[in-house]
Amino acid sequence: MSKSELLFEKTLKLIPGGLNNPIRSVKVVKAPPKFVARAKGARLWDVDGRD
């Protein structure tokens, strides 16, 4: 299981739908959200190391 999936499971316990985005809260989007770990200039990296 990816770090993003683990973090999303934690947010589901705290926020209805896991996020404050109404599209995701009704489960229209099937993939777990991206959790940004860092940014530099125009680049972002998620908690799984993807940029």
# chains A, B, ... in the order shown; residues from 1 in each chain; ligands from 1
call {"tool": "select_by_dssp", "arguments": {"residues": "chain A", "states": "helix (DSSP H, G or I)", "output": "PyMOL selection string"}}
result
chain A and resi 3-14+22-25
call {"tool": "residues_around", "arguments": {"residues": "A:Arg50", "least_positions_apart": "4", "cutoff": "12 Å", "atoms": "only C-alpha atoms", "output": "PyMOL selection string"}}
result
chain A and resi 2-4+34-39+43-46
call {"tool": "atom_distance", "arguments": {"atom1": "atom CA of A:Ala42", "atom2": "atom CA of A:Met1"}}
result
27.8 Å
call {"tool": "select_by_dssp", "arguments": {"residues": "chain A", "states": "strand (DSSP E or B)", "output": "list of chain:residue names"}}
result
A:Val36, A:Ala37, A:Arg38, A:Ala39, A:Lys40, A:Arg43, A:Leu44, A:Trp45, A:Asp46
call {"tool": "atom_distance", "arguments": {"atom1": "atom CA of A:Lys13", "atom2": "atom CA of A:Asp48"}}
result
21.1 Å
call {"tool": "closest_residue", "arguments": {"among": "A:Gly49, A:Leu12, A:Gly17, A:Glu5", "to": "A:Ala31", "atoms": "only C-alpha atoms"}}
result
A:Glu5
call {"tool": "residues_around", "arguments": {"residues": "A:Phe8", "least_positions_apart": "6", "cutoff": "8 Å", "atoms": "only C-alpha atoms", "output": "list of chain:residue names"}}
result
A:Gly18, A:Pro32, A:Pro33
